Amino acid sequence: MSAEILDGKATAQQIRTELAEEVRELTEKLGRPPGLTVVIVGEDPASKVYVRMKHRACGEIGIASEVIEMSVETTTEELLATVKRLNADRAVDGILVQLPLPKQIDEQTIIEAVAPDKDVDCFHPINVGLMMVGKARFLPCTPAGCLELLRRAGHTTRGKNVTIVGRSNIVGRPLSVMLAHRGEMADATVTVCHTKTRDLAAECRRAEILIVAAGVPQCVTADMISPGAVVVDVGVNRVEDTTTKSGYRLVGDVEFEGAKGVASAITPVPGGVGPMTIAMLLTNACTAARGHLGV
Ligand code: NAP
């Protein structure tokens with residue numbers, strides 16, 4: 001058996017086409033395009049690639065996107081001043097501060113400084129709280145991307161045993177909350193694994209849907225997957241590969257070749273969750289713009 005490949009790239013493209021229409025309508029009503037500003041501090045090569053991809057994706061569907069590049073020596077106060085200026089700018093509907101930030105900057109202070117109605121990453125405690133109680137204004141992009149990819153491929157989570165590997169604030173924990181809510185792409189029985197989990201392989205094997213966000217290259221192998229399970233691989237890891245021009249290649253947290261012989265469906269890396277995360281960011285930018293219109 002070879003698993004169905006859950007094509008995040010194609011699904012994200014479909015979402016972007018749908019959003020382009022919404023952006024056209026919003027532009028008419030607002031008298032300006034929806035605006036998203038991304039702030040990047042420092043020179044982290046992976047962050048630079050992500051920011052470029054987000055900027056390009058905005059441009060393709062008519063969202064006005066600005067990238068503010070700040071030096072690696074930026075202080076918390078300097079970044080706070082930039083965020084406050086963007087909070088007050090009426091042409092900016094969404095603000096995204098690319099993480100991770102250099103170590104001298106207090107990340108939580110910055111997250112809490114972004115105006116909640118512009119917090120398209122859904123990291124502000126107010127938005128996390130709203131999501132927690134089932135009244136979400138925005139959904140966090142990567143968890144929402146995982147669920148939207150499953151939904152559009154016809155895989156419901158309702159009543160399923162879902163195991164998540166990872167409990168970060170960005171992926172694992174919000175995903176576990178969303179899956180435990182009521183609803184079509186929720187209503188799951190959720191197990192959350194982390195580095196203190198006693199028997200990771202056994203917890204993974206219990207999953208009908210296995211979502212892996214550990215940040216450890218290929219840590220989930222075929223023997224840890226129940227035959228017929230659906231596997232979502234969130235991991236993006238650079239591993240050395242001297243046969244490529246860049247000297248590295250991207251792999252997920254799941255050993256893909258082995259896993260696809262056991263799973264019924266699986267996301268590739270790259271081309272799975274990554275493009276869906278960007279599509280959900282664009283969705284949130286439209287939600288923010290709609291909020292500023294009051295519709
Ligand atoms: P993170 O903050 O480092 O969190 C990793 C989580 O995995 C932690 O909860 C950790 O447990 C757990 N973990 C690590 N090794 C483990 C192991 N051997 N067994 C069980 N649990 C383990 O990472 P993250 O930000 O959530 O990101 C995870 C991965 O997803 C990374 O590869 C990242 O690049 C990728 N990512 C992709 C996208 C996308 O759009 N595709 C978006 C975000 C992140 P403890 O809590 O016990 O330390």
# chains A, B, ... in the order shown; residues from 1 in each chain; ligands from 1
>>> select_by_dssp(residues="segment 47-130 of chain A", states="strand (DSSP E)", output="MDAnalysis selection string")
chainID A and resid 64:70 94:97
>>> residues_near_ligand(ligand="ligand 1", cutoff="7 Å", atoms="only C-alpha atoms and all ligand atoms", output="number ranges by chain")
A: 142, 165-172, 193-197, 200, 213-216, 219, 234-237, 252-253, 273-275, 277
>>> select_by_dssp(residues="segment 118-231 of chain A", states="alpha helix (DSSP H)", output="PyMOL selection string")
chain A and resi 125-132+141-152+172-180+200-205
>>> closest_residue(among="A:Ile266, A:Cys122, A:Met280, A:Ala288", to="Ala144 of chain A", atoms="only C-alpha atoms")
A:Met280
>>> residues_around(residues="Pro33 of chain A", least_positions_apart="2", cutoff="12 Å", atoms="only C-alpha atoms", output="ChimeraX atom specification")
/A:20,22-31,35-36,58-59,61-65,90-94,285-286,289-290,293
>>> residues_around(residues="Phe256 of chain A", least_positions_apart="5", cutoff="12 Å", atoms="only C-alpha atoms", output="list of chain:residue names")
A:Ser2, A:Ala3, A:Ile5, A:Pro217, A:Gln218, A:Cys219, A:Val220, A:Thr221, A:Ala222, A:Ile225, A:Val231, A:Val232, A:Asp233, A:Gly235, A:Leu250, A:Val251, A:Gly261, A:Val262, A:Ala263, A:Ala265, A:Ile266, A:Thr267, A:Pro268, A:Val269, A:Pro270, A:Gly272
>>> residues_around(residues="Asp119 of chain A", least_positions_apart="3", cutoff="12 Å", atoms="only C-alpha atoms", output="number ranges by chain")
A: 36-38, 83, 86-87, 92-98, 110-116, 122-128, 136-141, 281, 284-289, 291
>>> closest_residue(among="A:Lys9, A:Met132, A:Gly145, A:Thr283", to="Glu21 of chain A", atoms="only C-alpha atoms")
A:Thr283
>>> residues_around(residues="Thr156 of chain A", least_positions_apart="5", cutoff="12 Å", atoms="only C-alpha atoms", output="list in words")
Cys146, Leu147, Glu148, Leu149, Leu150, Arg151, Asn161, Val162, Leu179, Gly183, Glu184, Met185, Ala186, Asp187, Ala188, Glu208, Ile209 and Val230 of chain A
>>> residues_around(residues="segment 46-49 of chain A", least_positions_apart="5", cutoff="10 Å", atoms="only C-alpha atoms", output="list in words")
Ile40, Val41, Lys54, His55, Glu69, Gln98, Leu99, Pro100, Leu101 and Arg238 of chain A
>>> write_last_selection(atoms="N, CA, C and O atoms", output="CSV table (one decimal), in the first residue's frame")
chain,number,residue,atom,x,y,z
A,40,ILE,N,11.0,41.6,10.7
A,40,ILE,CA,12.1,40.6,10.9
A,40,ILE,C,13.3,41.3,11.5
A,40,ILE,O,13.7,42.3,11.1
A,41,VAL,N,13.8,40.6,12.6
A,41,VAL,CA,14.9,41.2,13.3
A,41,VAL,C,16.1,40.2,13.2
A,41,VAL,O,16.0,39.0,13.5
A,54,LYS,N,6.1,34.7,2.6
A,54,LYS,CA,4.8,35.4,3.1
A,54,LYS,C,4.6,36.6,2.3
A,54,LYS,O,3.5,36.9,1.9
A,55,HIS,N,5.7,37.4,2.1
A,55,HIS,CA,5.5,38.7,1.3
A,55,HIS,C,5.0,38.4,-0.1
A,55,HIS,O,4.1,39.0,-0.6
A,69,GLU,N,12.8,45.3,8.1
A,69,GLU,CA,14.0,44.6,8.5
A,69,GLU,C,14.7,45.4,9.5
A,69,GLU,O,15.1,46.6,9.3
A,98,GLN,N,8.3,38.1,13.1
A,98,GLN,CA,8.8,36.8,12.8
A,98,GLN,C,9.7,36.3,14.0
A,98,GLN,O,10.6,37.0,14.5
A,99,LEU,N,9.4,35.1,14.5
A,99,LEU,CA,10.1,34.5,15.5
A,99,LEU,C,11.1,33.4,14.9
A,99,LEU,O,10.8,32.9,13.8
A,100,PRO,N,12.1,33.1,15.6
A,100,PRO,CA,12.6,33.5,16.9
A,100,PRO,C,13.3,34.9,16.8
A,100,PRO,O,13.8,35.3,15.7
A,101,LEU,N,13.3,35.6,17.9
A,101,LEU,CA,13.9,36.9,18.0
A,101,LEU,C,15.3,36.7,18.6
A,101,LEU,O,15.5,35.8,19.4
A,238,ARG,N,16.5,21.2,8.5
A,238,ARG,CA,17.6,21.2,7.5
A,238,ARG,C,18.6,20.2,7.8
A,238,ARG,O,19.1,20.2,8.9
>>> atom_distance(atom1="atom CA of Ala88 of chain A", atom2="atom CA of Thr109 of chain A")
17.7 Å
